[in-house]
Amino acid sequence: MTTVASTKVRKYHLALIGVAMLILLMSLVRIVSGQNDITSSGTFAAALMLAVPIGLAGLGGLWAERAGVVNIGLEGMMVLGTWFAGWAGYQWGFMAALLAGLIAGALGGLIHAVATVTFGVDHIISGVAINLLGPGVTRFLSEVLYKEGTGAGEAGAGITTSPALKSQAPDLSLPLLSSGPDWLGSLERTHWFLLSDLAGILRGLTHGVNVLVILAVLMLPLTFFVLWHTSFGLRLRSAGENPWAAESLGVNVYLIKYVAVVISGAFAGLGGVFLVFVTTKYVEGQTAGRGFIGLAAMIFGNWRPGGLAAGAALFGYADGLQLRSSGAVTSFLLFGAVLLVIYIGVKLRRMLSSGQPAEAVTRGAREYTLVAAAAGGSVVLIWLWMTVDRLPNEFVFITPHVLTLLVLLVASQRLRMPKADGARYRRGEQH
Amino acid sequence: MSSDPLATARPAVELEGITKRFPGVVANHDVCLTVEPGTVHAIVGENGAGKSTLMKILYGMQKPDEGTIKINGEEVAFRTPSDAIAAGIGMVHQHFMLADNFTVLENIVLGAEPTKVLVLDSARARERVKELAAGHGLQVDPDRLVEDLGVGDRQRVEILKVLYRGARILILDEPTAVLVPQEVDELFETLRELKAGGLTVIFISHKLDEVLSIADAITVIRRGTTVASVDPREVTARQLAELMVGSELPTPETRESTVTDVVQLKVSGLTMEADGYRPIPKGTPVSAYADRLRAEGRRLLLDDVSFEIHRGEILGIAGVEGNGQSELIEAIMGMRPAHGDIALGGEDLASWSTLKRRESGIGYIPEDRHRQGLLLEASLWENRVLGHQTRPPARSGIWINRRAAKADTERIVKNYDVRTPSVDTLALALSGGNQQKLIVGREMSSEPKFLIAAHPTRGVDVGAQAAIWDHLRDARAAGLAVLLISADLDELIGLSDTLHVIYKGRLVARLDPSDVTPERLGGYMTGAITGTEEM
Amino acid sequence: MPAGLFRALLTVAGAVAAILVAIVISSVAIIAAGASPQAAFAAFFDFGETERSVVNGITTMINRAVPLFIAGLAVAVGFRMNLFNIGVEGQYRIAAICAAYVGSLFVAPAPIQILVIIVVAAAVGGLYALIPAVMKVTRGVNEVISTIMLNYIAINLAAFLVRGPFTGQRTEGQLTTNTPLLPESAWFPNLNVVFEMFGLPAPRGGGLWGFLVVAILLGVALWVLLERTRFGFEVKASGLNPSAALASGVNPKKMVISAMVLSGAIAGLIGLPEILGDKHSFGSNFTPGLGFLGIAVALLGRNKPAGIAVAALLFGFLDRAQGPLQFASVPPSVIMIMQGTIVLLVVIANEITSRIAMRREERRAAQQLGRNTPVEVAA
């Protein structure tokens with residue numbers, strides 16, 4: 001018992017220390033590179049707006065995969081969410097947009113559930129089909145409802161866009177700190193080491209934040225609570241770990257999977273809704289693969305809500321920074337170089353202090369090559385940082401994907417996906 | 001507890017005329033069974049006799065086509081396991097039904113969670129589980145992950161799961177198959193305590209000595225129907241076996257020795273670590289390296305295993321499952337790296353791939369035909385090609401020779417009596433015995449020099465068993481060297497020329513099959529007798 | 001009836017049923033949109049009045065089907081052994097731009113020039129597919145996720161290359177950026193001669209792409225490879241039962257790498273019909289989405305070359321009707337709905353029919369054994 005409690009505390013502390021280190025590092029990089037946007041409130045506000053859809057899509061993935069259904073149809077469900085949010089939003093305002101997007105995503109989830117749970121179709125295949133269907137259905141609806149001569153057409157719609165939303169959810173700011181006297185804002189503008197950075201980050205996360213964004217962020221702890229602290233959550237996770245065991249204990253695995261996949265679709269749809277909020281209208285293709293990035297965030301986070309949040313935040317930050325200042329993005333190179341140097345330091349210390357002869361013989365060569373590669377990498381990154389003024393946008397867009405590939409490469413053995421994830425489950429048939 | 005004396009006198013379980021058909025087959029017909037409350041009732045029968053189907057019917061996983069089920073005197077109709085659980089029936093499955101990534105507690109309460117306004121009440125659940133565990137002598141830490149538990153502990157979790165749901169009737173499906181002897185003793189101790197607590201236990205097994213030691217009543221199932229109900233005090237294992245088989249037990253016996261003095265396979269110092277293969281530092285002999293690993297306290301799956309098999313010899317390996325048999329096979333087949341030397345007819349196999357080993361004359365009858373032996377969704381002739389895709393008649397150049405492969409499959413079907421509509425039938429449509437005959441025929445077809453036969457008659461009917469034994473004996477007479485791994489002691493003693501016992505990855509005894517009794521062999525297999533014996 | 005024939009008939013029946021249901025669903029959508037389904041389905045078969053417009057229609061359909069067919073083949077190679085190469089989309093884009101650029105760098109006699117371009121495309125596609133294969137083999141990374149990530153990397157990389165290092169001369173008033181134009185020796189001759197043989201006029205534009213011949217040859221070669229050779233057998237075995245394949249001496253790592261690279265190499269050719277036959281460069285308006293559609297086509301064709309050909313023609317047939325549908329005032333995107341529902345319904349139908357076929361086989365085999373022998377079912 002005590003060990004469990006103490007490891008929990010240590011994990012929590014580690015996370016805090018990690019965040020503190022990260023901020024320190026960002027501050028350093030900002031000072032060195034002179035790119036104030038690295039920790040500006042504007043960047044963090046944008047990052048939050050962009051991280052929310054990714055995080056919601058990731059939550060969609062989490063709900064489905066924890067129940068044992070792989071959902072690569074997130075992208076298609078997200079597309080449905082964007083269209084219906086635009087369509088309902090321009091007529092009845094933001095709440096209608098929210099509800100319509102959620103329901104549309106849930107319907108996409110329902111199709112996936114019917115195919116995979118009832119008919120036992122391979123989860124990947126069904127997901128691919130939904131990704132084809134989503135854009136098809138929305139395009140069709142646009143062509144029917146937004147064509148010239150319709151009411152929507154006069155309100156500013158086109159084949160690829162909806163009219164603007166009728167209303168936006170209200171924004172909130174922290175009194176005194178980030179509005180009115182705006183103390184954080186003034187502190188940020190002084191550009192002091194660390195203090196201004198902290199102020200910028202805090203202000204970005206507290207100034208003019210959409211109410212619904214706060215709600216969306218709350219979905220993370222809510223998901224954690226439901227999945228890990230309720231009986232429904234236990235049953236849902238059991239369907240992903242060992243559905244046959246769950247079945248033998250009288251759990252209705254089909255029903256659980258249905259519910260989970262529909263909720264998954266609803267989350268993906270909700271992610272689409274927030275994309276519509278960012279642009280204030282539906283634009284065809286605005287998901288731009290964010291469903292897949294959400295999936296990546298979930299894998300990055302090892303199928304856990306906390307890790308997923310970290311992944312979404314990272315990917316959102318990369319997007320937000322690029323949006324604010326494309327020059328600041330080159331600082332990533334410096335950032336990567338610093339991380340590599342730290343890695344080398346840790347490795348070298350461990351190698352010098354280690355006294356395990358049996359290990360050293362076989363591992364030595366591998367270690368040396370790793371350290372050498374890291375050193376080479378950091379040199380290349382620093383050189384790139386000094387020579388490249390502007391990173392092409394395309395390279396920023398691929399950051400989440402490259403990072404996810406790296407995480408998979410480095411940690412795939414330590415990642416733990418639900419054991420029966422993607423398995424074909426039929427009632428009464430054991431594996 | 002009811003005070004009505006009549007209620008306690010009613011049978012706990014009463015099955016009347018249960019019949020279950022599957023497409024084209026009858027799994028159970030006219031099964032009758034009466035289990036008195038507060039007893040351990042054993043159901044014995046061969047593999048494939050219909051025990052498991054019967055228990056699935058009793059547990060609500062299958063619906064009977066005909067017949068009635070009465071629990072405590074009341075007729076019931078179960079649609080799902082939930083109905084059975086509600087009626088007080090619990091089942092401990094042969095293959096544990098546990099989520100590895102869950103704690104013991106989570107596994108136990110799943111599906112019957114104590115909650116406070118939908119929120120999991122872990123404290124109350126933990127208390128109840130501890131109470132139950134203490135009350136029945138089933139100690140397990142409720143907060144450990146199941147994946148960290150051993151087999152015995154997992155079984156305790158399974159039993160706790162059932163008790164937690166308030167089951168009064170427990171079905172245990174082949175509970176001892178995966179246990180080592182001490183664990184079997186502990187299990188039986190638990191069962192006696194449960195019985196003393198007034199619970200009813202239905203115990204399914206085909207291990208007759210165990211059944212005789214634990215059961216209060218025995219029902220024998222043969223070919224899908226109940227053939228006898230006997231009192232364990234009045235029957236011998238031999239009589240029970242005859243009831244199970246229906247006629248004389250087919251005793252495998254080898255005729256005169258055909259062992260030559262040509263060594264076909266030589267294995268020396270075979271060693272495999274449990275936590276992954278690491279190359280041996282240059283210049284260290286395998287035995288010294290194994291000594292060092294042992295000194296470091298590492299678990300060895302194979303520990304300095306050495307033996308020779310001559311042409312015309314069947315070498316049997318006896319042992320409780322999980323003592324290194326699978327790893328030995330994997331090492332010889334080249335599917336998993338190991339230290340030590342393996343030589344086939346004097347040639348060192350160390351650097352050879354599985355394919356090359358097969359090509360140079362190693363045949364393999366795998367222990368689990370569905371997992372390793374067959375492509376269930378492919379036709380019989382394609383299964384004939386499997387493992388022989390680089391050799392004639394299946395191959396010519398880069399091509400698969402379909403005509404020749406089909407013709408040769410026809411030959412196997414004929415010679416090995418594989419009952420099938422045609423060679424284009426999918427393998428999954430065949431019964432276990434026919435699938436196994438096909439595999440034996442396939443492995444013999446390339447005239448191997450050395451054959452690994454792992455549980456060659458597991459889960460096959462008696463007729464197929466006798467046929468497979470005959471084929472093995474014939475091949476031996478023709479000079480084949482065979483490594484026989486089996487859990488069936490009669491099979492081992494009857495077929496083998498030499499018998500080794502494997503225990504915790506070590507060959508602990510070498511015995512002469514002609515004068516060893518199953519009892520003595522069992523002593524070595526369970527580690528009860530130590531020290532190496534020479535014949 | 002022989003088991004194989006029965007299975008084939010059942011498959012076809014399932015596909016036909018799925019297509020019929022898809023037609024019903026899209027009719028509902030068309031009615032909801034206020035148009036007439038009859039007009040819509042007439043539009044699908046309306047190839048125009050004149051001989052020339054019929055020829056144009058057929059050419060459009062086949063030109064659309066050719067890359068889809070190649071994409072389907074690429075996907076099918078992986079799917080055959082349960083290797084989900086979702087990365088065909090990225091592989092063909094990166095291969096197409098590299099091949100278009102390399103082809104524009106030199107001038108050689110036509111056969112050599114074209115051959116070099118084909119080889120470059122296949123090599124780039126194969127190498128790009130090697131990345132997820134190596135990740136899977138060495139680090140156990142699931143290929144679905146890695147190929148999805150690599151798709152986005154490839155798409156962005158191709159966008160960057162066409163805008164930057166590989167960009168060519170932009171003509172006045174042109175909105176797209178392109179790689180340099182290929183020399184005429186790299187223009188694949190068209191097959192308009194086929195129409196002329198029947199006394200029909202030649203289609204407009206680039207005509208019937210000659211790459212059709214390469215695609216057909218590729219399909220036949222792949223069929224032979226998968227159905228008749230040892231490699232094909234090993235692919236099938238690895239797909240049906242990896243542990244049995246391992247025990248039978250099939251090296252799973254080698255199979256993953258070779259199947260993935262083969263799949264990627266075929267994927268590399270997807271863009272070539274368009275580049276060699278029509279556009280003669282890779283531009284920012286290059287046809288996207290062929291890789292994802294290839295997955296649909298492969299599923300529809302049950303991973304068999306002949307089936308894939310039928311599926312590709314079906315998709316080409318549907319896609320051709322873009323124009324006529326507009327004339328009939330039916331939203332042309334109904335095509336996308338039809339394609340999506342057909343795929344979903346066909347995979348569901350496949351599940352159902354294969355279950356029926358298996359049950360029938362079991363019953364037949366059991367009959368062979370005699371009726372009343374009890375058999376342990378599902379241990």
# chains A, B, ... in the order shown; residues from 1 in each chain; ligands from 1
$ interface_residues --of "chain B" --to "chain C" --cutoff "7 Å" --atoms "only C-alpha atoms" --output "PyMOL selection string"
chain B and resi 23-27+48-50+223-224+354-355+371-375+377+386-387+389+398-400+419-421+424-425+429-431
$ write_last_selection --atoms "N, CA and C atoms" --output "compact mmCIF listing (two decimals), in the first residue's frame"
# COMPACT_ATOMS: atom_id res chain seq x y z
N PRO B 23 -23.59 -27.81 -36.33
CA PRO B 23 -23.79 -28.18 -37.75
C PRO B 23 -23.12 -29.52 -38.07
N GLY B 24 -23.95 -30.49 -38.33
CA GLY B 24 -23.40 -31.76 -38.78
C GLY B 24 -22.90 -32.68 -37.69
N VAL B 25 -22.78 -32.20 -36.46
CA VAL B 25 -22.29 -33.07 -35.40
C VAL B 25 -23.18 -32.95 -34.18
N VAL B 26 -23.16 -33.99 -33.38
CA VAL B 26 -23.88 -33.96 -32.11
C VAL B 26 -22.82 -33.94 -31.02
N ALA B 27 -22.75 -32.86 -30.26
CA ALA B 27 -21.71 -32.75 -29.24
C ALA B 27 -22.15 -33.47 -27.97
N GLY B 48 -12.42 -34.43 -26.13
CA GLY B 48 -13.36 -34.52 -27.24
C GLY B 48 -14.59 -35.35 -26.93
N ALA B 49 -14.75 -35.76 -25.67
CA ALA B 49 -15.93 -36.56 -25.36
C ALA B 49 -17.16 -35.71 -25.17
N GLY B 50 -16.98 -34.41 -25.03
CA GLY B 50 -18.13 -33.53 -24.88
C GLY B 50 -18.27 -32.91 -23.50
N ARG B 223 -18.22 -40.23 -25.91
CA ARG B 223 -18.85 -39.91 -27.19
C ARG B 223 -20.11 -39.08 -27.00
N GLY B 224 -20.01 -38.07 -26.13
CA GLY B 224 -21.10 -37.11 -26.02
C GLY B 224 -22.21 -37.49 -25.08
N THR B 354 15.41 -21.97 -39.65
CA THR B 354 14.38 -23.00 -39.50
C THR B 354 14.16 -23.73 -40.82
N LEU B 355 14.15 -22.94 -41.89
CA LEU B 355 13.91 -23.52 -43.21
C LEU B 355 14.98 -24.55 -43.56
N ARG B 371 -2.24 -23.66 -33.84
CA ARG B 371 -1.37 -22.49 -33.78
C ARG B 371 -0.19 -22.65 -34.73
N GLN B 372 0.42 -23.83 -34.73
CA GLN B 372 1.68 -23.97 -35.47
C GLN B 372 1.62 -24.92 -36.65
N GLY B 373 0.57 -25.73 -36.71
CA GLY B 373 0.63 -26.79 -37.70
C GLY B 373 -0.18 -26.57 -38.96
N LEU B 374 -1.19 -25.69 -38.90
CA LEU B 374 -2.13 -25.64 -40.01
C LEU B 374 -2.46 -24.22 -40.42
N LEU B 375 -2.84 -24.08 -41.68
CA LEU B 375 -3.50 -22.86 -42.13
C LEU B 375 -4.98 -23.22 -42.19
N GLU B 377 -7.68 -21.69 -42.68
CA GLU B 377 -8.53 -21.15 -43.74
C GLU B 377 -7.96 -21.42 -45.13
N LEU B 386 2.67 -26.52 -46.81
CA LEU B 386 3.22 -25.77 -45.67
C LEU B 386 4.40 -26.51 -45.04
N GLY B 387 5.51 -25.82 -44.94
CA GLY B 387 6.71 -26.43 -44.36
C GLY B 387 7.52 -27.19 -45.39
N GLN B 389 7.43 -25.99 -48.72
CA GLN B 389 7.28 -25.11 -49.88
C GLN B 389 8.55 -25.00 -50.70
N ILE B 398 10.81 -21.63 -59.00
CA ILE B 398 10.18 -20.64 -58.12
C ILE B 398 8.70 -20.93 -57.97
N TRP B 399 8.20 -21.95 -58.65
CA TRP B 399 6.76 -22.20 -58.67
C TRP B 399 6.36 -23.19 -57.60
N ILE B 400 5.08 -23.08 -57.21
CA ILE B 400 4.45 -24.13 -56.42
C ILE B 400 3.78 -25.06 -57.42
N ARG B 419 -10.33 -38.39 -43.21
CA ARG B 419 -11.71 -38.34 -43.73
C ARG B 419 -12.04 -36.91 -44.15
N THR B 420 -12.16 -36.73 -45.45
CA THR B 420 -12.44 -35.39 -45.98
C THR B 420 -13.18 -35.51 -47.30
N PRO B 421 -14.05 -34.55 -47.61
CA PRO B 421 -14.74 -34.58 -48.91
C PRO B 421 -13.75 -34.52 -50.07
N ASP B 424 -9.55 -30.13 -51.61
CA ASP B 424 -9.78 -28.69 -51.70
C ASP B 424 -10.55 -28.15 -50.49
N THR B 425 -10.97 -29.07 -49.62
CA THR B 425 -11.69 -28.64 -48.42
C THR B 425 -10.77 -27.81 -47.54
N ALA B 429 -12.46 -27.41 -41.56
CA ALA B 429 -13.67 -28.21 -41.57
C ALA B 429 -13.43 -29.61 -41.02
N LEU B 430 -12.16 -29.99 -40.88
CA LEU B 430 -11.87 -31.35 -40.45
C LEU B 430 -11.90 -31.46 -38.93
N SER B 431 -12.17 -32.68 -38.45
CA SER B 431 -12.12 -32.90 -37.01
C SER B 431 -10.65 -32.94 -36.59
$ residues_around --residues "region 71-85 of chain C" --least-positions-apart "2" --cutoff "8 Å" --atoms "only C-alpha atoms" --output "PyMOL selection string"
chain C and resi 67-69+87-88+143-144+147+219+222+235-240+256+259-260+262-267+270+290-291+293-299+303-305+308+312
$ interface_residues --of "chain A" --to "chain B" --cutoff "7 Å" --atoms "only C-alpha atoms" --output "list of chain:residue names"
A:His229, A:Thr230, A:Ser231, A:Leu234, A:Arg235, A:Ser238, A:Glu241, A:Asn242, A:Trp244, A:Ala245, A:Ser248, A:Leu249, A:Gly250, A:Val251, A:Gly428
$ closest_residue --among "C:Leu269, C:Lys136, C:Ala100, C:Ile356" --to "Lys254 (chain C)" --atoms "only C-alpha atoms"
C:Lys136
$ select_by_dssp --residues "region 37-132 of chain B" --states "strand (DSSP E or B)" --output "ChimeraX atom specification"
/B:40-44,66-71,74-76,89-92,103,115-116,119-120
$ write_last_selection --atoms "C-alpha atoms" --output "PDB file, in the first residue's frame"
ATOM      1  CA  VAL B  40     -17.036 -32.846  -5.234  1.00  0.00           C
ATOM      2  CA  HIS B  41     -18.431 -34.431  -8.345  1.00  0.00           C
ATOM      3  CA  ALA B  42     -15.984 -35.383 -11.039  1.00  0.00           C
ATOM      4  CA  ILE B  43     -16.834 -35.610 -14.713  1.00  0.00           C
ATOM      5  CA  VAL B  44     -14.301 -37.647 -16.604  1.00  0.00           C
ATOM      6  CA  GLU B  66     -33.174 -30.574 -25.867  1.00  0.00           C
ATOM      7  CA  GLY B  67     -33.367 -31.443 -22.212  1.00  0.00           C
ATOM      8  CA  THR B  68     -33.858 -29.745 -18.893  1.00  0.00           C
ATOM      9  CA  ILE B  69     -31.537 -28.224 -16.331  1.00  0.00           C
ATOM     10  CA  LYS B  70     -32.573 -28.062 -12.706  1.00  0.00           C
ATOM     11  CA  ILE B  71     -30.647 -26.116 -10.099  1.00  0.00           C
ATOM     12  CA  GLU B  74     -35.887 -25.700  -9.908  1.00  0.00           C
ATOM     13  CA  GLU B  75     -35.923 -25.787 -13.655  1.00  0.00           C
ATOM     14  CA  VAL B  76     -33.891 -23.027 -15.295  1.00  0.00           C
ATOM     15  CA  ILE B  89     -23.142 -21.157 -10.586  1.00  0.00           C
ATOM     16  CA  GLY B  90     -19.531 -20.152 -11.082  1.00  0.00           C
ATOM     17  CA  MET B  91     -16.995 -21.443 -13.558  1.00  0.00           C
ATOM     18  CA  VAL B  92     -13.224 -21.592 -13.362  1.00  0.00           C
ATOM     19  CA  THR B 103      -5.137  -5.758 -10.489  1.00  0.00           C
ATOM     20  CA  THR B 115     -20.393   1.294  -6.168  1.00  0.00           C
ATOM     21  CA  LYS B 116     -21.309   4.514  -4.413  1.00  0.00           C
ATOM     22  CA  VAL B 119     -18.257   5.443  -8.407  1.00  0.00           C
ATOM     23  CA  LEU B 120     -16.192   2.375  -7.735  1.00  0.00           C
TER      24      LEU B 120
END
$ residues_around --residues "region 335-340 of chain C" --least-positions-apart "6" --cutoff "6 Å" --atoms "only C-alpha atoms" --output "number ranges by chain"
A: 129, 132-133, 136-137
$ write_last_selection --atoms "N, CA and C atoms" --output "mmCIF file, in the first residue's frame"
data_model
loop_
_atom_site.group_PDB
_atom_site.id
_atom_site.type_symbol
_atom_site.label_atom_id
_atom_site.label_comp_id
_atom_site.auth_asym_id
_atom_site.auth_seq_id
_atom_site.Cartn_x
_atom_site.Cartn_y
_atom_site.Cartn_z
ATOM 1 N N ALA A 129 -12.937 2.995 -44.489
ATOM 2 C CA ALA A 129 -14.194 3.253 -45.189
ATOM 3 C C ALA A 129 -14.859 4.504 -44.640
ATOM 4 N N LEU A 132 -13.380 7.574 -45.945
ATOM 5 C CA LEU A 132 -13.842 7.885 -47.306
ATOM 6 C C LEU A 132 -15.229 8.504 -47.277
ATOM 7 N N LEU A 133 -16.057 7.942 -46.400
ATOM 8 C CA LEU A 133 -17.457 8.309 -46.354
ATOM 9 C C LEU A 133 -17.652 9.721 -45.809
ATOM 10 N N GLY A 136 -17.189 12.463 -48.245
ATOM 11 C CA GLY A 136 -18.190 12.294 -49.289
ATOM 12 C C GLY A 136 -19.531 12.841 -48.854
ATOM 13 N N VAL A 137 -19.961 12.451 -47.668
ATOM 14 C CA VAL A 137 -21.267 12.885 -47.167
ATOM 15 C C VAL A 137 -21.286 14.396 -47.013
#
$ closest_atom_pairs --of "chain A" --to "chain C" --cutoff "9 Å" --atoms "only C-alpha atoms" --output "JSON lines"
{"residue": "A:Ala115", "atom": "CA", "partner": "C:Ile348", "partner_atom": "CA", "distance": 6.6}
{"residue": "A:Thr116", "atom": "CA", "partner": "C:Ile348", "partner_atom": "CA", "distance": 8.9}
{"residue": "A:Phe119", "atom": "CA", "partner": "C:Ile348", "partner_atom": "CA", "distance": 6.2}
{"residue": "A:Gly120", "atom": "CA", "partner": "C:Glu351", "partner_atom": "CA", "distance": 7.0}
{"residue": "A:Val121", "atom": "CA", "partner": "C:Ile348", "partner_atom": "CA", "distance": 6.2}
{"residue": "A:Asp122", "atom": "CA", "partner": "C:Val347", "partner_atom": "CA", "distance": 8.6}
{"residue": "A:Ile124", "atom": "CA", "partner": "C:Phe84", "partner_atom": "CA", "distance": 8.1}
{"residue": "A:Ile125", "atom": "CA", "partner": "C:Val347", "partner_atom": "CA", "distance": 7.9}
{"residue": "A:Ser126", "atom": "CA", "partner": "C:Leu344", "partner_atom": "CA", "distance": 6.6}
{"residue": "A:Val128", "atom": "CA", "partner": "C:Phe292", "partner_atom": "CA", "distance": 7.6}
{"residue": "A:Ala129", "atom": "CA", "partner": "C:Leu344", "partner_atom": "CA", "distance": 5.7}
{"residue": "A:Ile130", "atom": "CA", "partner": "C:Gly340", "partner_atom": "CA", "distance": 7.2}
{"residue": "A:Asn131", "atom": "CA", "partner": "C:Gly340", "partner_atom": "CA", "distance": 8.5}
{"residue": "A:Leu132", "atom": "CA", "partner": "C:Gly340", "partner_atom": "CA", "distance": 5.5}
{"residue": "A:Leu133", "atom": "CA", "partner": "C:Gly340", "partner_atom": "CA", "distance": 4.7}
{"residue": "A:Gly134", "atom": "CA", "partner": "C:Gly340", "partner_atom": "CA", "distance": 8.5}
{"residue": "A:Pro135", "atom": "CA", "partner": "C:Met336", "partner_atom": "CA", "distance": 8.1}
{"residue": "A:Gly136", "atom": "CA", "partner": "C:Met336", "partner_atom": "CA", "distance": 4.7}
{"residue": "A:Val137", "atom": "CA", "partner": "C:Ile337", "partner_atom": "CA", "distance": 5.9}
{"residue": "A:Thr138", "atom": "CA", "partner": "C:Ser333", "partner_atom": "CA", "distance": 9.0}
{"residue": "A:Arg139", "atom": "CA", "partner": "C:Ser333", "partner_atom": "CA", "distance": 6.1}
{"residue": "A:Phe140", "atom": "CA", "partner": "C:Ser333", "partner_atom": "CA", "distance": 5.0}
{"residue": "A:Leu141", "atom": "CA", "partner": "C:Ala33", "partner_atom": "CA", "distance": 8.3}
{"residue": "A:Glu143", "atom": "CA", "partner": "C:Pro331", "partner_atom": "CA", "distance": 5.9}
{"residue": "A:Val144", "atom": "CA", "partner": "C:Ala33", "partner_atom": "CA", "distance": 5.9}
{"residue": "A:Leu145", "atom": "CA", "partner": "C:Ala33", "partner_atom": "CA", "distance": 8.3}
{"residue": "A:Gly289", "atom": "CA", "partner": "C:Tyr152", "partner_atom": "CA", "distance": 8.0}
{"residue": "A:Phe292", "atom": "CA", "partner": "C:Ile148", "partner_atom": "CA", "distance": 7.5}
{"residue": "A:Ile293", "atom": "CA", "partner": "C:Met149", "partner_atom": "CA", "distance": 8.3}
{"residue": "A:Leu295", "atom": "CA", "partner": "C:Ile145", "partner_atom": "CA", "distance": 8.6}
{"residue": "A:Ala296", "atom": "CA", "partner": "C:Ile145", "partner_atom": "CA", "distance": 7.8}
{"residue": "A:Ile299", "atom": "CA", "partner": "C:Ile145", "partner_atom": "CA", "distance": 8.9}
{"residue": "A:Pro392", "atom": "CA", "partner": "C:Phe160", "partner_atom": "CA", "distance": 7.5}
{"residue": "A:Asn393", "atom": "CA", "partner": "C:Phe160", "partner_atom": "CA", "distance": 8.4}
{"residue": "A:Glu394", "atom": "CA", "partner": "C:Asn156", "partner_atom": "CA", "distance": 5.1}
{"residue": "A:Phe395", "atom": "CA", "partner": "C:Asn156", "partner_atom": "CA", "distance": 7.3}
{"residue": "A:Phe397", "atom": "CA", "partner": "C:Asn156", "partner_atom": "CA", "distance": 7.3}
{"residue": "A:Ile398", "atom": "CA", "partner": "C:Ile153", "partner_atom": "CA", "distance": 5.4}
{"residue": "A:Thr399", "atom": "CA", "partner": "C:Ile153", "partner_atom": "CA", "distance": 8.6}
{"residue": "A:Pro400", "atom": "CA", "partner": "C:Met149", "partner_atom": "CA", "distance": 8.5}
{"residue": "A:His401", "atom": "CA", "partner": "C:Met149", "partner_atom": "CA", "distance": 4.9}
{"residue": "A:Val402", "atom": "CA", "partner": "C:Met149", "partner_atom": "CA", "distance": 7.3}
{"residue": "A:Thr404", "atom": "CA", "partner": "C:Met149", "partner_atom": "CA", "distance": 7.7}
{"residue": "A:Leu405", "atom": "CA", "partner": "C:Ser146", "partner_atom": "CA", "distance": 6.4}
{"residue": "A:Leu408", "atom": "CA", "partner": "C:Val141", "partner_atom": "CA", "distance": 6.3}
{"residue": "A:Leu409", "atom": "CA", "partner": "C:Arg139", "partner_atom": "CA", "distance": 6.2}
{"residue": "A:Val410", "atom": "CA", "partner": "C:Arg139", "partner_atom": "CA", "distance": 8.1}
{"residue": "A:Ala411", "atom": "CA", "partner": "C:Arg139", "partner_atom": "CA", "distance": 8.7}
{"residue": "A:Ser412", "atom": "CA", "partner": "C:Val141", "partner_atom": "CA", "distance": 6.2}
{"residue": "A:Gln413", "atom": "CA", "partner": "C:Arg139", "partner_atom": "CA", "distance": 7.3}
{"residue": "A:Glu429", "atom": "CA", "partner": "C:Ala378", "partner_atom": "CA", "distance": 7.5}
{"residue": "A:Gln430", "atom": "CA", "partner": "C:Ala378", "partner_atom": "CA", "distance": 7.7}
$ atom_distance --atom1 "CA of Pro448 (chain B)" --atom2 "CA of Ile365 (chain B)"
11.8 Å
$ residues_around --residues "Val55 (chain C)" --least-positions-apart "4" --cutoff "10 Å" --atoms "only C-alpha atoms" --output "list of chain:residue names"
C:Phe47, C:Gly48, C:Thr50, C:Glu51, C:Thr59, C:Thr60, C:Met61, C:Asn192, C:Phe195, C:Leu200, C:Pro201, C:Ala202, C:Pro203, C:Arg204, C:Gly207, C:Leu208
$ atom_distance --atom1 "CA of Met21 (chain A)" --atom2 "CA of His207 (chain A)"
24.0 Å
$ select_by_dssp --residues "region 111-306 of chain C" --states "helix (DSSP H, G or I)" --output "JSON, numbers by chain"
{"C": [111, 112, 113, 114, 115, 116, 117, 118, 119, 120, 121, 122, 123, 124, 125, 126, 127, 128, 129, 130, 131, 132, 133, 134, 135, 136, 137, 138, 139, 143, 144, 145, 146, 147, 148, 149, 150, 151, 152, 153, 154, 155, 156, 157, 158, 159, 160, 161, 162, 163, 184, 185, 186, 192, 193, 194, 195, 196, 197, 211, 212, 213, 214, 215, 216, 217, 218, 219, 220, 221, 222, 223, 224, 225, 226, 227, 228, 230, 231, 232, 233, 234, 235, 236, 237, 238, 239, 240, 242, 243, 244, 245, 246, 247, 252, 253, 254, 255, 256, 257, 258, 259, 260, 261, 262, 263, 264, 265, 266, 267, 268, 272, 273, 274, 275, 276, 277, 278, 279, 290, 291, 292, 293, 294, 295, 296, 297, 298, 299, 300, 305, 306]}
